[in-house]
file input.txt (compact mmCIF, C-alpha atoms and all ligand atoms)
# COMPACT_ATOMS: atom_id res chain seq x y z
CA MET A 545 -18.19 -0.46 -0.52
CA ILE A 546 -15.43 -1.83 -2.73
CA VAL A 547 -14.46 0.52 -5.58
CA THR A 548 -11.58 0.61 -8.06
CA THR A 549 -8.43 2.53 -7.26
CA LYS A 550 -9.15 4.48 -10.47
CA LYS A 551 -12.21 6.08 -8.85
CA LEU A 552 -10.27 6.94 -5.70
CA PHE A 553 -7.41 8.42 -7.74
CA GLU A 554 -9.77 10.62 -9.78
CA HIS A 555 -10.83 12.32 -6.57
CA ALA A 556 -7.39 12.50 -4.98
CA TYR A 557 -5.14 13.53 -7.88
CA GLY A 558 -2.97 16.55 -7.07
CA LYS A 559 -4.70 17.14 -3.72
CA TYR A 560 -3.96 14.21 -1.41
CA ALA A 561 -2.75 10.61 -1.44
CA ILE A 562 -4.64 7.48 -0.44
CA GLY A 563 -3.09 5.14 2.11
CA ALA A 564 -2.54 1.61 0.79
CA TYR A 565 -2.14 -0.68 3.79
CA ASN A 566 -1.06 -4.33 3.72
CA ILE A 567 -2.94 -6.71 5.97
CA ASN A 568 -2.45 -10.33 6.99
CA ASN A 569 -4.88 -11.08 9.80
CA LEU A 570 -8.06 -10.33 11.71
CA GLU A 571 -6.60 -7.78 14.11
CA GLN A 572 -5.09 -5.71 11.30
CA THR A 573 -8.40 -5.87 9.42
CA MET A 574 -10.36 -4.53 12.40
CA GLY A 575 -7.81 -1.81 13.20
CA LEU A 576 -7.64 -0.79 9.55
CA PHE A 577 -11.39 -0.30 9.12
CA ARG A 578 -11.75 1.45 12.48
CA GLY A 579 -8.81 3.79 11.83
CA ASN A 580 -10.08 4.76 8.39
CA LEU A 581 -13.59 5.41 9.66
CA ASP A 582 -12.33 7.31 12.71
CA SER A 583 -10.44 9.59 10.31
CA GLN A 584 -13.18 9.49 7.63
CA ALA A 585 -10.79 8.41 4.89
CA PRO A 586 -11.13 6.32 1.74
CA PHE A 587 -8.39 3.67 1.65
CA ILE A 588 -6.80 0.76 -0.18
CA ILE A 589 -6.37 -2.70 1.34
CA GLN A 590 -3.49 -4.51 -0.24
CA LEU A 591 -2.78 -8.21 -0.11
CA SER A 592 0.65 -9.54 -1.01
CA LYS A 593 1.37 -13.00 -2.31
CA GLY A 594 2.80 -13.80 1.13
CA ALA A 595 -0.36 -12.54 2.85
CA ARG A 596 -2.55 -14.65 0.54
CA SER A 597 -0.63 -17.79 1.43
CA TYR A 598 -0.11 -17.00 5.15
CA THR A 599 -3.23 -19.07 5.88
CA ASN A 600 -5.37 -19.43 2.76
CA LYS A 601 -6.29 -16.65 0.33
CA LYS A 602 -9.98 -17.36 0.99
CA MET A 603 -9.52 -16.48 4.68
CA LEU A 604 -8.45 -12.88 3.95
CA GLU A 605 -11.19 -12.56 1.37
CA GLY A 606 -13.71 -13.71 3.99
CA LEU A 607 -12.35 -11.25 6.57
CA ILE A 608 -12.62 -8.33 4.17
CA ARG A 609 -16.13 -9.27 3.04
CA SER A 610 -17.19 -9.49 6.70
CA ALA A 611 -15.56 -6.14 7.46
CA GLU A 612 -17.51 -4.62 4.58
CA GLU A 613 -20.73 -5.73 6.31
CA VAL A 614 -19.61 -4.67 9.79
CA PHE A 615 -18.47 -1.23 8.52
CA PRO A 616 -20.97 -0.35 5.74
CA GLU A 617 -19.77 3.28 5.59
CA ALA A 618 -16.25 2.33 4.45
CA ILE A 619 -15.16 3.06 0.87
CA PHE A 620 -12.09 1.14 -0.21
CA ALA A 621 -10.31 -0.71 -3.00
CA VAL A 622 -8.97 -4.26 -2.69
CA HIS A 623 -5.61 -4.50 -4.39
CA LEU A 624 -3.12 -7.27 -5.16
CA ASP A 625 0.33 -6.01 -4.11
CA HIS A 626 3.42 -6.98 -6.19
CA GLY A 627 1.73 -9.66 -8.26
CA ASP A 628 3.56 -11.85 -10.74
CA GLU A 629 1.65 -12.65 -13.94
CA GLN A 630 0.00 -15.86 -12.72
CA THR A 631 -1.01 -14.36 -9.37
CA CYS A 632 -2.57 -11.42 -11.23
CA TYR A 633 -4.69 -13.80 -13.33
CA ASP A 634 -5.70 -15.69 -10.20
CA ALA A 635 -6.74 -12.44 -8.49
CA ILE A 636 -8.57 -11.20 -11.60
CA GLU A 637 -10.49 -14.47 -11.99
CA SER A 638 -11.45 -14.54 -8.29
CA GLY A 639 -13.74 -11.55 -8.91
CA PHE A 640 -12.74 -10.17 -5.51
CA TYR A 641 -10.01 -7.68 -6.32
CA SER A 642 -10.83 -4.27 -7.79
CA SER A 643 -7.20 -3.63 -8.66
CA VAL A 644 -4.02 -5.63 -9.26
CA MET A 645 -0.35 -4.74 -9.41
CA ILE A 646 1.77 -6.51 -11.99
CA ASP A 647 5.37 -6.15 -10.92
CA ALA A 648 7.59 -7.02 -13.85
CA SER A 649 9.99 -4.21 -12.97
CA HIS A 650 12.91 -6.66 -12.72
CA GLU A 651 12.47 -7.55 -16.41
CA ASP A 652 13.95 -5.51 -19.27
CA PHE A 653 11.83 -2.62 -20.61
CA GLU A 654 10.25 -4.52 -23.53
CA THR A 655 9.45 -7.61 -21.44
CA ASN A 656 7.97 -5.45 -18.67
CA ILE A 657 5.71 -3.79 -21.26
CA ALA A 658 4.68 -7.13 -22.82
CA ILE A 659 3.80 -8.78 -19.49
CA THR A 660 2.01 -5.68 -18.23
CA ARG A 661 0.01 -5.42 -21.48
CA ARG A 662 -1.22 -9.03 -21.13
CA VAL A 663 -2.34 -8.42 -17.55
CA VAL A 664 -3.98 -5.11 -18.51
CA ASP A 665 -5.99 -6.83 -21.27
CA ALA A 666 -7.18 -9.57 -18.90
CA ALA A 667 -7.98 -7.10 -16.10
CA HIS A 668 -9.77 -4.50 -18.20
CA ALA A 669 -11.99 -7.21 -19.70
CA ARG A 670 -13.30 -7.69 -16.13
CA GLY A 671 -13.47 -4.00 -15.13
CA ILE A 672 -10.36 -4.29 -12.95
CA VAL A 673 -7.58 -1.72 -13.01
CA VAL A 674 -3.83 -2.31 -13.12
CA GLU A 675 -0.83 -0.76 -11.39
CA ALA A 676 2.54 -1.47 -13.03
CA GLU A 677 6.09 -0.63 -11.99
CA LEU A 678 8.96 0.94 -13.89
CA GLY A 679 12.37 1.26 -12.24
CA GLN A 680 13.49 -0.74 -9.25
CA LEU A 681 13.26 -0.01 -5.57
CA GLY A 682 16.12 -0.97 -3.30
CA GLY A 683 15.66 -3.70 -0.71
CA VAL A 684 13.77 -6.96 -0.97
CA GLU A 685 10.49 -7.32 -2.83
CA GLU A 686 8.34 -10.38 -2.94
CA HIS A 687 9.81 -12.38 -5.80
CA VAL A 688 12.80 -10.25 -6.60
CA SER A 689 15.80 -9.16 -4.62
CA VAL A 690 17.50 -5.94 -5.63
CA SER A 691 20.58 -4.71 -3.84
CA GLU A 692 20.62 -1.10 -2.66
CA ALA A 693 23.56 -0.46 -4.97
CA ASP A 694 21.68 -1.73 -8.03
CA ALA A 695 18.46 0.10 -7.29
CA LYS A 696 17.36 1.92 -10.41
CA LEU A 697 15.25 5.03 -10.26
CA THR A 698 12.42 5.41 -12.79
CA ASP A 699 13.62 7.12 -15.95
CA PRO A 700 11.12 9.95 -16.61
CA LYS A 701 11.83 9.74 -20.36
CA MET A 702 10.80 6.07 -20.47
CA ALA A 703 7.76 6.50 -18.21
CA ARG A 704 5.48 8.00 -20.85
CA GLU A 705 6.25 5.35 -23.47
CA PHE A 706 5.80 2.62 -20.84
CA VAL A 707 2.35 3.88 -19.84
CA GLU A 708 1.17 4.40 -23.43
CA ARG A 709 2.30 0.98 -24.65
CA SER A 710 1.37 -1.09 -21.57
CA GLY A 711 -2.05 0.55 -21.03
CA CYS A 712 -1.61 0.48 -17.23
CA ASP A 713 -3.89 2.66 -15.09
CA SER A 714 -1.30 3.80 -12.54
CA LEU A 715 2.48 3.61 -12.27
CA ALA A 716 4.67 2.68 -9.32
CA VAL A 717 7.82 4.76 -9.53
CA ALA A 718 11.23 4.21 -7.97
CA ILE A 719 12.24 7.54 -6.40
CA GLY A 720 14.72 6.48 -3.77
CA THR A 721 12.59 4.54 -1.31
CA SER A 722 12.97 0.85 -0.52
CA HIS A 723 10.87 -1.75 1.26
CA GLY A 724 11.33 -2.65 4.90
CA ALA A 725 12.72 -0.89 7.99
CA TYR A 726 16.18 0.03 6.64
CA LYS A 727 15.87 2.71 4.00
CA PHE A 728 18.22 5.38 2.69
CA SER A 729 21.63 3.96 3.45
CA GLY A 730 24.53 6.36 2.94
CA SER A 731 23.62 9.47 0.96
CA GLN A 732 20.32 8.16 -0.42
CA GLY A 733 17.10 10.10 0.03
CA LEU A 734 13.62 10.65 -1.37
CA ARG A 735 14.02 12.07 -4.91
CA LEU A 736 11.11 14.48 -5.33
CA ASP A 737 13.08 16.08 -8.19
CA VAL A 738 12.78 12.82 -10.17
CA LEU A 739 9.09 12.61 -9.22
CA ALA A 740 8.54 16.13 -10.60
CA GLN A 741 10.11 15.09 -13.92
CA ILE A 742 7.90 11.99 -14.09
CA GLN A 743 4.82 14.13 -13.48
CA GLN A 744 5.87 16.46 -16.28
CA ALA A 745 6.15 13.48 -18.61
CA LEU A 746 2.79 12.09 -17.45
CA PRO A 747 0.58 15.02 -16.43
CA GLY A 748 -2.58 13.90 -14.63
CA PHE A 749 -1.52 10.26 -14.51
CA PRO A 750 -1.72 8.59 -11.06
CA LEU A 751 1.65 7.65 -9.57
CA VAL A 752 2.33 5.24 -6.72
CA MET A 753 4.99 5.43 -4.04
CA HIS A 754 6.10 2.08 -2.61
CA GLY A 755 8.36 1.67 0.40
CA SER A 756 6.75 4.62 2.18
CA SER A 757 6.90 3.59 5.84
CA SER A 758 8.31 6.27 8.14
CA VAL A 759 9.88 3.83 10.64
CA PRO A 760 9.25 6.25 13.56
CA GLN A 761 12.31 6.40 15.81
CA GLU A 762 10.14 6.40 18.92
CA GLU A 763 8.61 3.10 17.82
CA VAL A 764 12.06 1.61 17.14
CA GLU A 765 13.33 2.76 20.55
CA ARG A 766 10.33 1.26 22.35
CA ILE A 767 10.79 -2.03 20.52
CA ASN A 768 14.48 -2.11 21.41
CA ALA A 769 13.74 -1.18 25.04
CA ALA A 770 11.38 -4.17 25.20
CA GLY A 771 13.96 -6.67 23.95
CA GLY A 772 14.08 -5.92 20.22
CA ALA A 773 17.26 -5.46 18.19
CA LEU A 774 16.44 -3.07 15.34
CA LYS A 775 19.69 -1.26 14.60
CA GLY A 776 19.85 1.69 12.22
CA ALA A 777 16.22 1.43 11.11
CA LYS A 778 15.17 4.50 9.09
CA GLY A 779 12.18 5.52 6.95
CA VAL A 780 10.53 8.16 4.77
CA ASP A 781 9.80 11.61 6.19
CA ALA A 782 5.98 11.61 6.34
CA SER A 783 5.89 15.41 6.10
CA LYS A 784 6.85 14.94 2.42
CA PHE A 785 3.63 13.04 1.56
CA ARG A 786 1.64 16.21 0.77
CA GLU A 787 4.32 17.45 -1.61
CA ALA A 788 4.48 14.03 -3.27
CA ALA A 789 0.67 14.19 -3.68
CA ARG A 790 0.94 17.57 -5.41
CA LEU A 791 3.46 15.93 -7.75
CA GLY A 792 0.99 13.23 -8.82
CA VAL A 793 1.34 10.53 -6.14
CA THR A 794 -2.16 9.22 -5.41
CA LYS A 795 -1.26 5.98 -3.58
CA VAL A 796 1.25 5.59 -0.77
CA ASN A 797 2.14 2.03 0.27
CA ILE A 798 2.66 1.35 3.97
CA ASP A 799 3.30 -2.05 5.51
CA THR A 800 6.44 -1.99 7.67
CA ASP A 801 5.14 0.73 10.05
CA GLY A 802 2.09 -1.40 10.86
CA ARG A 803 4.36 -4.35 11.63
CA LEU A 804 6.36 -2.12 13.98
CA VAL A 805 3.15 -1.22 15.86
CA TRP A 806 2.34 -4.94 16.18
CA CYS A 807 5.86 -5.74 17.37
CA ARG A 808 5.97 -2.90 19.94
CA VAL A 809 2.54 -3.70 21.41
CA HIS A 810 3.28 -7.40 21.84
CA ARG A 811 6.86 -6.97 23.11
CA GLU A 812 5.79 -4.40 25.72
CA PHE A 813 2.73 -6.40 26.74
CA PHE A 814 4.59 -9.62 27.47
CA ARG A 815 7.57 -7.78 29.02
CA ASP A 816 5.21 -6.04 31.47
CA LYS A 817 2.96 -9.06 32.06
CA PRO A 818 5.24 -12.09 31.98
CA ALA A 819 2.61 -14.34 33.56
CA GLU A 820 0.04 -13.63 30.77
CA PHE A 821 -0.59 -16.07 27.94
CA ASP A 822 -4.02 -15.05 26.62
CA LEU A 823 -3.73 -13.68 23.06
CA ARG A 824 -6.76 -11.41 23.31
CA PRO A 825 -5.58 -8.70 25.75
CA PRO A 826 -2.58 -7.72 23.56
CA GLY A 827 -4.76 -8.23 20.47
CA LYS A 828 -7.24 -5.64 21.77
CA ILE A 829 -4.46 -3.18 22.51
CA PHE A 830 -3.03 -3.75 19.03
CA MET A 831 -6.38 -3.14 17.28
CA ALA A 832 -6.80 0.20 19.11
CA GLU A 833 -3.19 1.23 18.48
CA TYR A 834 -3.33 0.20 14.84
CA ALA A 835 -6.53 2.21 14.34
CA ARG A 836 -4.80 5.26 15.88
CA PHE A 837 -1.78 4.68 13.65
CA ILE A 838 -3.94 4.52 10.49
CA ALA A 839 -5.84 7.69 11.41
CA ASP A 840 -2.56 9.51 12.01
CA LYS A 841 -1.14 8.36 8.65
CA ASN A 842 -4.29 9.50 6.88
CA ASP A 843 -3.82 12.95 8.41
CA LYS A 844 -0.32 13.11 6.97
CA LEU A 845 -1.51 11.85 3.56
CA GLY A 846 -4.35 14.35 3.46
CA SER A 847 -6.94 11.57 2.95
CA ALA A 848 -8.48 12.14 6.41
CA GLY A 849 -11.88 13.83 6.08
CA GLN A 850 -12.29 12.99 2.36
CA LEU A 851 -14.74 10.08 2.75
CA GLU A 852 -17.95 12.08 2.40
CA ALA A 853 -16.70 13.92 -0.70
CA VAL A 854 -15.75 10.60 -2.32
CA ARG A 855 -19.19 9.19 -1.46
CA GLN A 856 -20.85 12.20 -3.08
CA MET A 857 -18.71 11.88 -6.20
CA LEU A 858 -19.66 8.19 -6.53
CA ALA A 859 -23.34 8.97 -5.95
CA ALA A 860 -23.31 11.74 -8.56
CA GLU A 861 -21.71 9.39 -11.08
CA SER A 862 -24.20 6.60 -10.49
CA ALA A 863 -27.13 9.08 -10.82
CA ARG A 864 -25.90 10.08 -14.31
O1 LIG B 901 6.29 -4.85 -0.60
C1 LIG B 901 6.09 -5.80 0.15
C2 LIG B 901 5.05 -5.69 1.20
O2 LIG B 901 5.55 -5.03 2.33
C3 LIG B 901 4.50 -7.03 1.50
O3 LIG B 901 5.38 -7.78 2.29
O4 LIG B 901 5.61 -9.87 0.97
O5 LIG B 901 6.22 -9.82 3.39
O6 LIG B 901 3.81 -9.70 2.67
P1 LIG B 901 5.24 -9.39 2.32
P1 LIG B 902 7.15 -0.36 3.42
O1 LIG B 902 8.03 -1.56 3.61
O2 LIG B 902 7.94 0.90 3.45
O3 LIG B 902 6.03 -0.33 4.38
O4 LIG B 902 6.53 -0.46 1.93
C1 LIG B 902 5.41 -1.27 1.69
C2 LIG B 902 5.14 -1.46 0.23
O5 LIG B 902 5.66 -0.80 -0.64
C3 LIG B 902 4.15 -2.51 -0.12
O6 LIG B 902 4.03 -2.67 -1.50
ZN ZN B 903 5.88 -2.33 -2.56
call {"tool": "encode", "arguments": {"input": "input.txt", "output": "structure tokens"}}
result
Amino acid sequence: MIVTTKKLFEHAYGKYAIGAYNINNLEQTMGLFRGNLDSQAPFIIQLSKGARSYTNKKMLEGLIRSAEEVFPEAIFAVHLDHGDEQTCYDAIESGFYSSVMIDASHEDFETNIAITRRVVDAAHARGIVVEAELGQLGGVEEHVSVSEADAKLTDPKMAREFVERSGCDSLAVAIGTSHGAYKFSGSQGLRLDVLAQIQQALPGFPLVMHGSSSVPQEEVERINAAGGALKGAKGVDASKFREAARLGVTKVNIDTDGRLVWCRVHREFFRDKPAEFDLRPPGKIFMAEYARFIADKNDKLGSAGQLEAVRQMLAAESAR
């Protein structure tokens, strides 16, 4: 069942965070649904602009609609990740997404508010909710490149005004993380102190943490031992997710870690079986490993085991 992120956040706020996982293909889709059902977790599927154009946006839509039929128990939101204004309108008009992210965080404060407000008006008219971003993460985002040195953390004092004037339903905050496999260069780290100030400014308002992959060292070592060359890769300490959830984070974005699982499985498979060329044997291993990976993340986020309670909340609301 596809629901809005708003519904999922109402249940999660202050208690746990929902995993928001990026997908690009069939194998990720299968692993994602299996992993979330194995761990009985509600979840968010997110599609980036790059994922939508990897084949054709209709292909991912078709995969997700089929997965909904194959796994009728699943409760999830379908979210556009890092949309620009036009991509948001396209997603809103498609009728498929329950949630979109407008990322105008690279614009000045007033322009960010104006663009976000336009997207919010269009989305709300169709019952779709909007995530916006204030502050800038380090690393490379889809249509904007921000150097680590220029990365700007969210200003807690501006956050309240931004939310009130833009009308967004959740806010992505920059608290020290960055996208990709190379986070926290030099003395950087996760700034839960800044998160606490943002929560004080916006009590009860759902916050989103991007760039939240953990980049497990064991995964990096296995990739390198199988021919990879990931040097100095580093991620977010997953044991901090629960604390972030208590401080108002309801959505935690994870993409890179899933790519590392894919990379490790395929590198090891073809290293150990050099005469193989069938795509399905490593694909099957990947789906099982990805499902395990998702279930493990959900444990760390606290979303594991929450599916039935979310179902009951939705049922109680629809009976009213
Ligand atoms: O924040 C970016 C996400 O990891 C999506 O990555 O644009 O390469 O699909 P992508
Ligand atoms: P990672 O690169 O840390 O997985 O972050 C993903 C993300 O923020 C997607 O929006
Ligand atoms: Zn992101």
call {"tool": "residues_near_ligand", "arguments": {"input": "input.txt", "ligand": "ligand ZN 903 (chain B)", "cutoff": "8 Å", "atoms": "only C-alpha atoms and all ligand atoms", "output": "list in words"}}
result
Asp625, His626, Glu685, His723, Met753, His754, Gly755 and Asn797 of chain A
call {"tool": "residues_around", "arguments": {"input": "input.txt", "residues": "region 810-814 of chain A", "least_positions_apart": "3", "cutoff": "7 Å", "atoms": "all atoms listed in the file", "output": "number ranges by chain"}}
result
A: 767, 770, 806-807, 817-818, 820, 826
call {"tool": "residues_near_ligand", "arguments": {"input": "input.txt", "ligand": "ligand LIG 901 (chain B)", "cutoff": "9 Å", "atoms": "only C-alpha atoms and all ligand atoms", "output": "MDAnalysis selection string"}}
result
chainID A and resid 565:568 590:596 598 625:626 684:687 722:724 754:755 797:800
call {"tool": "atom_distance", "arguments": {"input": "input.txt", "atom1": "CA of Asp781 (chain A)", "atom2": "CA of Arg766 (chain A)"}}
result
19.2 Å
call {"tool": "closest_residue", "arguments": {"input": "input.txt", "among": "A:Leu774, A:Ala789, A:Ala725, A:Ile829", "to": "ligand LIG 902 (chain B)", "atoms": "only C-alpha atoms and all ligand atoms"}}
result
A:Ala725
call {"tool": "closest_residue", "arguments": {"input": "input.txt", "among": "A:Ala859, A:Leu845, A:Ala835, A:Ala819", "to": "Arg790 (chain A)", "atoms": "only C-alpha atoms"}}
result
A:Leu845
call {"tool": "axis_aligned_box", "arguments": {"input": "input.txt", "around": "region 573-578 of chain A", "padding_each_side": "4 Å", "output": "AutoDock Vina command-line options"}}
result
--center_x -9.7 --center_y -2.2 --center_z 11.2 --size_x 12.1 --size_y 15.3 --size_z 12.1
call {"tool": "residues_around", "arguments": {"input": "input.txt", "residues": "region 644-646 of chain A", "least_positions_apart": "6", "cutoff": "8 Å", "atoms": "all atoms listed in the file", "output": "list in words"}}
result
His623, Leu624, Asp625, His626, Gly627, Asp628, Glu629, Cys632, Ala635, Ile636, Thr660, Val663, Ile672, Val673, Val674, Glu675, Ala676 and Glu677 of chain A
call {"tool": "closest_residue", "arguments": {"input": "input.txt", "among": "A:Arg670, A:Leu552, A:Asp665, A:Ala618", "to": "Leu581 (chain A)", "atoms": "all atoms listed in the file"}}
result
A:Ala618
call {"tool": "closest_residue", "arguments": {"input": "input.txt", "among": "A:Val717, A:Ile659, A:Ala769, A:Ala667", "to": "ligand LIG 902 (chain B)", "atoms": "all atoms listed in the file"}}
result
A:Val717
call {"tool": "decode", "arguments": {"input": "input.txt", "residues": "region 706-724 of chain A", "atoms": "N, CA, C and O atoms", "output": "short mmCIF file (atom, residue, chain, number, x, y, z; two decimals), in the first residue's frame"}}
result
data_model
loop_
_atom_site.label_atom_id
_atom_site.label_comp_id
_atom_site.auth_asym_id
_atom_site.auth_seq_id
_atom_site.Cartn_x
_atom_site.Cartn_y
_atom_site.Cartn_z
N PHE A 706 11.70 29.41 7.48
CA PHE A 706 11.66 28.71 6.19
C PHE A 706 10.43 27.79 6.11
O PHE A 706 9.70 27.79 5.12
N VAL A 707 10.21 27.03 7.16
CA VAL A 707 9.08 26.08 7.18
C VAL A 707 7.75 26.84 7.14
O VAL A 707 6.84 26.49 6.37
N GLU A 708 7.64 27.88 7.94
CA GLU A 708 6.37 28.62 8.00
C GLU A 708 6.04 29.25 6.65
O GLU A 708 4.92 29.18 6.17
N ARG A 709 7.05 29.86 6.02
CA ARG A 709 6.77 30.59 4.77
C ARG A 709 6.69 29.67 3.55
O ARG A 709 5.98 29.97 2.60
N SER A 710 7.41 28.57 3.56
CA SER A 710 7.38 27.68 2.37
C SER A 710 6.21 26.71 2.43
O SER A 710 5.75 26.23 1.39
N GLY A 711 5.74 26.38 3.64
CA GLY A 711 4.63 25.43 3.78
C GLY A 711 5.04 23.98 3.57
O GLY A 711 4.18 23.10 3.43
N CYS A 712 6.35 23.70 3.59
CA CYS A 712 6.79 22.31 3.36
C CYS A 712 6.35 21.39 4.51
O CYS A 712 6.06 21.86 5.61
N ASP A 713 6.30 20.09 4.22
CA ASP A 713 5.80 19.13 5.21
C ASP A 713 6.92 18.47 6.01
O ASP A 713 6.67 17.85 7.05
N SER A 714 8.14 18.50 5.47
CA SER A 714 9.30 17.98 6.21
C SER A 714 10.52 18.73 5.70
O SER A 714 10.49 19.31 4.61
N LEU A 715 11.58 18.71 6.52
CA LEU A 715 12.75 19.53 6.17
C LEU A 715 14.04 18.70 6.23
O LEU A 715 14.35 18.10 7.26
N ALA A 716 14.75 18.69 5.09
CA ALA A 716 16.07 18.06 5.06
C ALA A 716 17.07 19.06 5.63
O ALA A 716 17.10 20.22 5.22
N VAL A 717 17.84 18.58 6.60
CA VAL A 717 18.77 19.49 7.29
C VAL A 717 20.21 19.07 7.02
O VAL A 717 20.51 17.87 6.88
N ALA A 718 21.08 20.05 6.94
CA ALA A 718 22.50 19.77 6.75
C ALA A 718 23.14 19.79 8.13
O ALA A 718 23.23 20.84 8.77
N ILE A 719 23.56 18.61 8.60
CA ILE A 719 24.15 18.51 9.95
C ILE A 719 25.49 17.76 9.90
O ILE A 719 25.81 16.98 10.78
N GLY A 720 26.21 18.01 8.83
CA GLY A 720 27.57 17.48 8.75
C GLY A 720 27.77 16.31 7.81
O GLY A 720 28.90 15.95 7.50
N THR A 721 26.67 15.68 7.37
CA THR A 721 26.84 14.53 6.48
C THR A 721 27.02 15.02 5.03
O THR A 721 26.78 16.19 4.72
N SER A 722 27.45 14.11 4.18
CA SER A 722 27.52 14.42 2.75
C SER A 722 27.16 13.15 1.97
O SER A 722 27.17 12.05 2.52
N HIS A 723 26.84 13.33 0.71
CA HIS A 723 26.48 12.16 -0.11
C HIS A 723 27.73 11.36 -0.49
O HIS A 723 28.83 11.89 -0.50
N GLY A 724 27.51 10.10 -0.80
CA GLY A 724 28.60 9.28 -1.34
C GLY A 724 29.38 8.52 -0.28
O GLY A 724 28.98 8.44 0.88
#
